[in-house]
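Student: Contents of model09.txt (compact mmCIF, C-alpha atoms):
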```
# COMPACT_ATOMS: atom_id res chain seq x y z
CA MET F 1 5.22 -14.32 -16.25
CA PRO F 2 7.37 -17.33 -17.28
CA ARG F 3 5.64 -20.65 -17.88
CA SER F 4 7.58 -22.32 -15.07
CA VAL F 5 5.89 -20.03 -12.57
CA LEU F 6 2.44 -20.92 -13.88
CA LYS F 7 3.34 -24.61 -13.59
CA GLN F 8 4.47 -23.99 -10.01
CA ALA F 9 1.07 -22.43 -9.29
CA SER F 10 -0.70 -25.51 -10.60
CA ILE F 11 1.39 -27.75 -8.35
CA LEU F 12 0.61 -25.61 -5.33
CA GLN F 13 -3.08 -25.69 -6.04
CA ASP F 14 -3.10 -29.50 -6.32
CA ARG F 15 -1.11 -29.95 -3.12
CA ASP F 16 -3.14 -28.02 -0.56
CA GLY F 17 -6.38 -27.00 -2.24
CA TYR F 18 -5.79 -23.25 -2.20
CA ASP F 19 -6.21 -21.27 -5.38
CA TYR F 20 -2.53 -20.60 -5.96
CA ALA F 21 -3.16 -20.61 -9.70
CA ASN F 22 -4.68 -17.18 -9.11
CA PRO F 23 -2.08 -14.69 -10.44
CA ARG F 24 -2.55 -12.40 -7.41
CA VAL F 25 -1.61 -15.22 -5.06
CA ASN F 26 1.21 -16.46 -7.25
CA ILE F 27 2.81 -13.04 -7.68
CA VAL F 28 3.09 -12.51 -3.92
CA TYR F 29 4.37 -16.04 -3.30
CA ASN F 30 7.02 -15.80 -6.03
CA ALA F 31 8.02 -12.27 -5.01
CA ILE F 32 8.79 -13.55 -1.51
CA LYS F 33 10.64 -16.51 -3.01
CA ALA F 34 12.70 -14.07 -5.09
CA GLY F 35 13.68 -12.08 -1.98
CA TYR F 36 11.04 -9.37 -1.56
CA ARG F 37 10.14 -8.74 2.06
CA TYR F 38 8.00 -5.58 1.97
CA ILE F 39 4.44 -6.18 0.75
CA ASP F 40 2.41 -3.06 0.13
CA GLY F 41 -1.32 -3.71 0.36
CA ALA F 42 -4.49 -1.72 0.82
CA TRP F 43 -8.21 -2.27 1.25
CA ASP F 44 -8.74 -0.47 -2.05
CA TYR F 45 -6.51 -2.92 -3.94
CA LYS F 46 -9.17 -5.61 -3.47
CA ASN F 47 -6.65 -8.46 -3.24
CA SER F 48 -5.87 -8.85 0.47
CA LYS F 49 -7.10 -12.44 0.69
CA GLU F 50 -5.01 -13.52 -2.29
CA ALA F 51 -1.92 -11.70 -1.01
CA GLY F 52 -2.40 -13.36 2.37
CA LEU F 53 -2.55 -16.79 0.75
CA GLY F 54 0.73 -16.10 -1.01
CA VAL F 55 2.28 -15.11 2.31
CA LYS F 56 0.86 -18.19 4.01
CA GLN F 57 2.36 -20.54 1.44
CA ALA F 58 5.79 -18.89 1.64
CA ILE F 59 5.77 -19.29 5.42
CA LYS F 60 4.49 -22.86 5.17
CA GLU F 61 7.37 -23.82 2.89
CA GLY F 62 9.91 -22.26 5.23
CA ILE F 63 10.99 -19.58 2.78
CA VAL F 64 10.39 -16.93 5.45
CA LYS F 65 9.03 -16.51 8.94
CA ARG F 66 6.28 -13.97 9.60
CA GLU F 67 8.73 -11.68 11.36
CA ASP F 68 10.89 -11.58 8.21
CA LEU F 69 8.10 -9.80 6.32
CA PHE F 70 6.91 -6.20 6.53
CA ILE F 71 3.25 -6.05 5.51
CA CYS F 72 1.36 -2.81 4.99
CA THR F 73 -2.30 -2.02 4.48
CA LYS F 74 -4.21 1.25 4.22
CA LEU F 75 -7.40 2.72 5.66
CA TRP F 76 -9.78 3.65 2.84
CA ASN F 77 -11.62 6.96 2.54
CA ASN F 78 -15.11 5.69 3.41
CA TYR F 79 -14.02 4.45 6.82
CA HIS F 80 -12.54 7.47 8.59
CA LYS F 81 -15.14 7.44 11.36
CA TYR F 82 -13.86 5.64 14.44
CA LYS F 83 -16.31 2.74 14.36
CA HIS F 84 -16.00 2.17 10.63
CA ALA F 85 -12.20 2.31 10.72
CA CYS F 86 -12.10 -0.43 13.34
CA GLU F 87 -14.58 -2.53 11.37
CA MET F 88 -12.56 -2.21 8.18
CA LEU F 89 -9.33 -3.15 9.95
CA ASP F 90 -10.98 -6.23 11.49
CA LEU F 91 -12.10 -7.37 8.04
CA GLU F 92 -8.72 -6.57 6.50
CA LEU F 93 -6.75 -8.50 9.10
CA GLU F 94 -9.08 -11.46 8.65
CA ALA F 95 -8.69 -11.32 4.86
CA TRP F 96 -4.90 -11.37 5.11
CA GLY F 97 -5.02 -14.18 7.66
CA LEU F 98 -2.57 -12.35 9.91
CA GLU F 99 -2.27 -11.56 13.61
CA TYR F 100 -0.87 -8.07 13.03
CA PHE F 101 0.16 -5.51 10.41
CA ASP F 102 3.65 -4.06 10.37
CA LEU F 103 2.31 -0.80 8.99
CA VAL F 104 -1.10 0.83 8.49
CA LEU F 105 -1.44 4.07 6.55
CA ILE F 106 -4.34 6.46 6.06
CA HIS F 107 -4.60 6.14 2.28
CA PHE F 108 -5.75 9.69 1.47
CA PRO F 109 -6.53 12.83 3.47
CA ILE F 110 -10.08 12.46 2.17
CA ALA F 111 -13.17 11.38 4.11
CA LEU F 112 -16.07 10.00 2.07
CA GLU F 113 -19.55 8.91 3.12
CA PHE F 114 -19.77 5.49 4.73
CA ILE F 115 -21.23 2.75 2.56
CA PRO F 116 -22.12 -0.47 4.43
CA PHE F 117 -19.71 -3.30 3.63
CA ALA F 118 -22.58 -5.61 2.63
CA GLU F 119 -23.87 -3.00 0.20
CA LEU F 120 -20.58 -2.28 -1.57
CA ARG F 121 -17.41 -3.94 -0.30
CA TYR F 122 -14.92 -1.87 -2.30
CA PRO F 123 -16.41 1.50 -3.21
CA THR F 124 -13.21 3.19 -4.47
CA PHE F 125 -14.49 6.75 -5.13
CA TRP F 126 -18.00 5.60 -6.11
CA ARG F 127 -21.16 4.74 -4.22
CA ASP F 128 -22.62 2.26 -6.74
CA ARG F 129 -21.40 -0.95 -8.35
CA ASP F 130 -21.70 0.49 -11.86
CA GLN F 131 -19.38 3.37 -10.88
CA LYS F 132 -21.69 6.08 -12.15
CA ILE F 133 -22.41 7.94 -8.89
CA LEU F 134 -19.52 9.58 -7.07
CA ALA F 135 -19.45 9.19 -3.29
CA HIS F 136 -20.10 12.35 -1.29
CA GLY F 137 -17.55 13.78 1.08
CA ASP F 138 -18.03 13.38 4.82
CA LYS F 139 -17.07 15.77 7.61
CA VAL F 140 -14.75 13.50 9.57
CA PRO F 141 -11.53 14.97 10.99
CA THR F 142 -8.34 13.05 10.39
CA SER F 143 -7.87 13.02 14.16
CA GLU F 144 -10.80 10.60 14.48
CA ALA F 145 -9.33 8.18 11.95
CA TRP F 146 -5.89 8.42 13.55
CA LYS F 147 -7.25 7.69 17.03
CA ALA F 148 -9.08 4.66 15.63
CA LEU F 149 -5.80 3.33 14.23
CA GLU F 150 -4.02 3.95 17.52
CA ASP F 151 -6.67 2.25 19.64
CA TRP F 152 -7.26 -0.67 17.28
CA GLY F 153 -3.54 -1.28 17.00
CA ASP F 154 -3.00 -1.12 20.76
CA ASP F 155 -5.64 -3.80 21.30
CA GLY F 156 -3.47 -6.90 20.98
CA ASN F 157 -0.53 -5.11 19.36
CA LYS F 158 -2.16 -5.45 15.94
CA ILE F 159 -0.29 -2.51 14.35
CA ARG F 160 3.46 -2.03 14.72
CA ASN F 161 3.78 1.30 12.85
CA LEU F 162 1.39 4.07 11.75
CA GLY F 163 1.72 6.41 8.82
CA LEU F 164 0.15 8.52 6.11
CA SER F 165 -0.16 8.34 2.34
CA ASN F 166 -0.62 11.27 -0.05
CA PHE F 167 -0.51 13.85 2.76
CA SER F 168 1.04 17.31 2.48
CA ALA F 169 3.56 18.75 4.95
CA GLN F 170 0.90 20.91 6.62
CA LEU F 171 -1.37 17.92 7.20
CA ILE F 172 1.51 15.86 8.59
CA TYR F 173 2.33 18.62 11.09
CA ASP F 174 -1.34 18.68 12.07
CA VAL F 175 -1.52 14.93 12.70
CA ASN F 176 1.64 14.98 14.78
CA SER F 177 0.23 17.82 16.89
CA TYR F 178 -2.33 15.48 18.47
CA ALA F 179 -1.01 11.99 17.73
CA LYS F 180 -0.28 9.72 20.67
CA THR F 181 1.68 7.58 18.22
CA PRO F 182 3.70 9.89 15.93
CA VAL F 183 3.69 9.47 12.16
CA SER F 184 6.52 7.08 11.28
CA VAL F 185 6.00 6.63 7.52
CA LEU F 186 4.89 8.79 4.60
CA GLN F 187 4.06 7.18 1.26
CA ILE F 188 3.96 9.48 -1.77
CA GLU F 189 4.22 9.40 -5.54
CA HIS F 190 7.90 10.04 -6.22
CA HIS F 191 9.84 9.88 -9.50
CA PRO F 192 11.75 12.27 -11.81
CA TYR F 193 8.51 13.84 -13.05
CA LEU F 194 7.26 14.44 -9.49
CA THR F 195 10.19 14.94 -7.11
CA GLN F 196 8.55 16.75 -4.14
CA PRO F 197 11.97 17.57 -2.58
CA GLU F 198 10.66 19.86 0.17
CA LEU F 199 8.11 17.28 1.33
CA VAL F 200 10.77 14.55 1.40
CA LYS F 201 13.12 16.85 3.33
CA MET F 202 10.40 17.76 5.84
CA ALA F 203 9.59 14.10 6.44
CA GLN F 204 13.20 13.12 6.96
CA GLU F 205 13.79 16.03 9.34
CA ASN F 206 10.90 14.73 11.43
CA ASN F 207 12.13 11.11 11.51
CA ILE F 208 9.47 9.98 9.04
CA ALA F 209 10.54 7.29 6.58
CA VAL F 210 9.50 8.03 3.00
CA ILE F 211 8.19 5.27 0.73
CA ALA F 212 7.78 6.04 -2.98
CA TYR F 213 5.05 4.63 -5.19
CA SER F 214 4.75 4.87 -8.99
CA SER F 215 8.55 4.89 -9.12
CA PHE F 216 8.46 4.39 -12.90
CA GLY F 217 6.17 7.39 -13.34
CA GLY F 218 2.46 7.82 -12.64
CA GLN F 219 0.16 6.35 -15.28
CA SER F 220 -1.59 9.68 -15.76
CA HIS F 221 1.64 11.34 -16.89
CA GLY F 222 1.96 9.08 -19.92
CA VAL F 223 -0.77 11.02 -21.72
CA ILE F 224 1.19 14.26 -21.90
CA VAL F 225 4.86 13.25 -21.46
CA LYS F 226 7.08 10.41 -22.59
CA PRO F 227 6.99 7.39 -20.22
CA LEU F 228 10.05 7.44 -17.98
CA LEU F 229 11.04 3.92 -18.98
CA GLU F 230 11.40 5.23 -22.56
CA HIS F 231 12.82 8.66 -21.74
CA PRO F 232 16.04 9.18 -23.76
CA ASP F 233 17.99 10.44 -20.74
CA ILE F 234 17.02 7.41 -18.66
CA VAL F 235 17.75 5.01 -21.54
CA THR F 236 21.15 6.66 -22.14
CA ILE F 237 22.15 6.40 -18.48
CA ALA F 238 21.02 2.78 -18.37
CA LYS F 239 23.10 1.83 -21.43
CA ALA F 240 26.15 3.65 -20.08
CA HIS F 241 26.07 1.63 -16.86
CA GLY F 242 24.88 -1.70 -18.23
CA LYS F 243 21.56 -1.43 -16.41
CA THR F 244 17.89 -1.39 -17.39
CA PRO F 245 15.84 1.84 -17.32
CA ALA F 246 13.83 0.33 -14.43
CA GLN F 247 17.02 -0.15 -12.39
CA VAL F 248 18.08 3.43 -13.05
CA LEU F 249 14.73 4.78 -11.89
CA LEU F 250 14.75 2.66 -8.74
CA ARG F 251 18.27 3.85 -7.95
CA TRP F 252 17.12 7.45 -8.43
CA VAL F 253 14.24 6.88 -6.00
CA HIS F 254 16.47 5.30 -3.37
CA TYR F 255 18.70 8.36 -3.15
CA PRO F 256 18.70 9.85 -0.64
CA TYR F 257 17.10 7.33 1.75
CA VAL F 258 13.74 6.90 0.05
CA PHE F 259 12.23 3.42 -0.19
CA SER F 260 10.16 2.14 -3.10
CA SER F 261 6.96 0.09 -2.99
```
Show me the file's structure as structure tokens.

Tutor:
Amino acid sequence: MPRSVLKQASILQDRDGYDYANPRVNIVYNAIKAGYRYIDGAWDYKNSKEAGLGVKQAIKEGIVKREDLFICTKLWNNYHKYKHACEMLDLELEAWGLEYFDLVLIHFPIALEFIPFAELRYPTFWRDRDQKILAHGDKVPTSEAWKALEDWGDDGNKIRNLGLSNFSAQLIYDVNSYAKTPVSVLQIEHHPYLTQPELVKMAQENNIAVIAYSSFGGQSHGVIVKPLLEHPDIVTIAKAHGKTPAQVLLRWVHYPYVFSS
């Protein structure tokens, strides 16, 4: 990041005592200042408090109002049971310092064993801090997690929209078969190496907005194929139109009617 931004962070830290020198805080604050309004978070990203501080500062300075922002978080795999889902959402809302989320997604169609928050706050796919023991699966139906989101959100209007991440068409149909609040958003990996056209079409036909992640290509693909930002076809198109490869890829994602996180 440019030096001027780091200097800005130092000024912010001196003025109000918050740790705005922290890059996680500063990135969110400066993204909002640059015009970004959708902030894609998740319990598993481990940075909700810092992101919330960036949001708080942007609102404090009058750059935006809370209603100008669209903030998303995601329910992690270890908390699909009703009670645990509600507990995680309480902690997540507190960490962000918000009164509500604009969107909450179920991060994966995977239920893992519950690990107490005090024992391991962010388990990812592990059950130990050294990440040597994989967490076991748990027999929790998605319907239980979805009902938890519905009920928790209805209590004080704390969730404005509900959705799914990394779900297949069959699983989406299943959720909508029992959902009191229908699925409104689907977030998936989406780029020229992983197009998933039938899934996108199915979502759009069912009034489900599609949000793409890894728009520049998933990190795992770089091992076996050329990174999309360096792909000769992408580079050629970018040069022909006076754009960067990143701009070309984002334009590809946005057609037809897919958003990028």

Student: From the set F:Phe108, F:Tyr193, F:Trp252, F:Tyr36, which residue has the shortest atom-to-atom contact distance to Phe167 in chain F, counting only C-alpha atoms?

Tutor: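 The answer is F:Phe108, which sits nearest to Phe167 in chain F.
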
Student: For each of F:Ala246, F:Cys72, F:Leu93, F:Leu228, take the minimum atom-to-atom distance to Leu164 in chain F, counting all atoms listed in the file, then give the residue where this is smallest.

Tutor: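 For Leu164 in chain F, the nearest of the given residues is F:Cys72.
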
Student: I need the residue nearest Val28 in chain F from this list: F:Lys226, F:Lys56, F:Arg121, F:His241. Use all atoms listed in the file for the distance.

Tutor: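 Residue with the minimum atom-to-atom distance to Val28 in chain F: F:Lys56.
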
Student: Considering only C-alpha atoms, state which residue in the set F:Ile237, F:Thr244, F:Ile224, F:Val210 is at the smallest distance from Val258 in chain F.

Tutor: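 Nearest candidate to Val258 in chain F out of F:Ile237, F:Thr244, F:Ile224, F:Val210: F:Val210.
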
Student: So, with only C-alpha atoms as the atoms that count, which of F:Phe70, F:Phe114, F:Tyr173, F:Phe259 lies closest to Ala209 in chain F?

Tutor: F:Phe259

Student: Do a neighbour search on Asp68 in chain F at 12 Å with all atoms listed in the file, toss out local chain neighbours closer than 4 positions, and write the hits as an mmCIF file with C-alpha atoms, keeping the file's coordinate frame.

Tutor:
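Just written: out-v3.cif:
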```
data_model
loop_
_atom_site.group_PDB
_atom_site.id
_atom_site.type_symbol
_atom_site.label_atom_id
_atom_site.label_comp_id
_atom_site.auth_asym_id
_atom_site.auth_seq_id
_atom_site.Cartn_x
_atom_site.Cartn_y
_atom_site.Cartn_z
ATOM 1 C CA ILE F 32 8.790 -13.550 -1.510
ATOM 2 C CA GLY F 35 13.680 -12.080 -1.980
ATOM 3 C CA TYR F 36 11.040 -9.370 -1.560
ATOM 4 C CA ARG F 37 10.140 -8.740 2.060
ATOM 5 C CA TYR F 38 8.000 -5.580 1.970
ATOM 6 C CA ILE F 39 4.440 -6.180 0.750
ATOM 7 C CA VAL F 55 2.280 -15.110 2.310
ATOM 8 C CA ALA F 58 5.790 -18.890 1.640
ATOM 9 C CA ILE F 59 5.770 -19.290 5.420
ATOM 10 C CA GLY F 62 9.910 -22.260 5.230
ATOM 11 C CA ILE F 63 10.990 -19.580 2.780
ATOM 12 C CA VAL F 64 10.390 -16.930 5.450
ATOM 13 C CA ASP F 102 3.650 -4.060 10.370
#
```
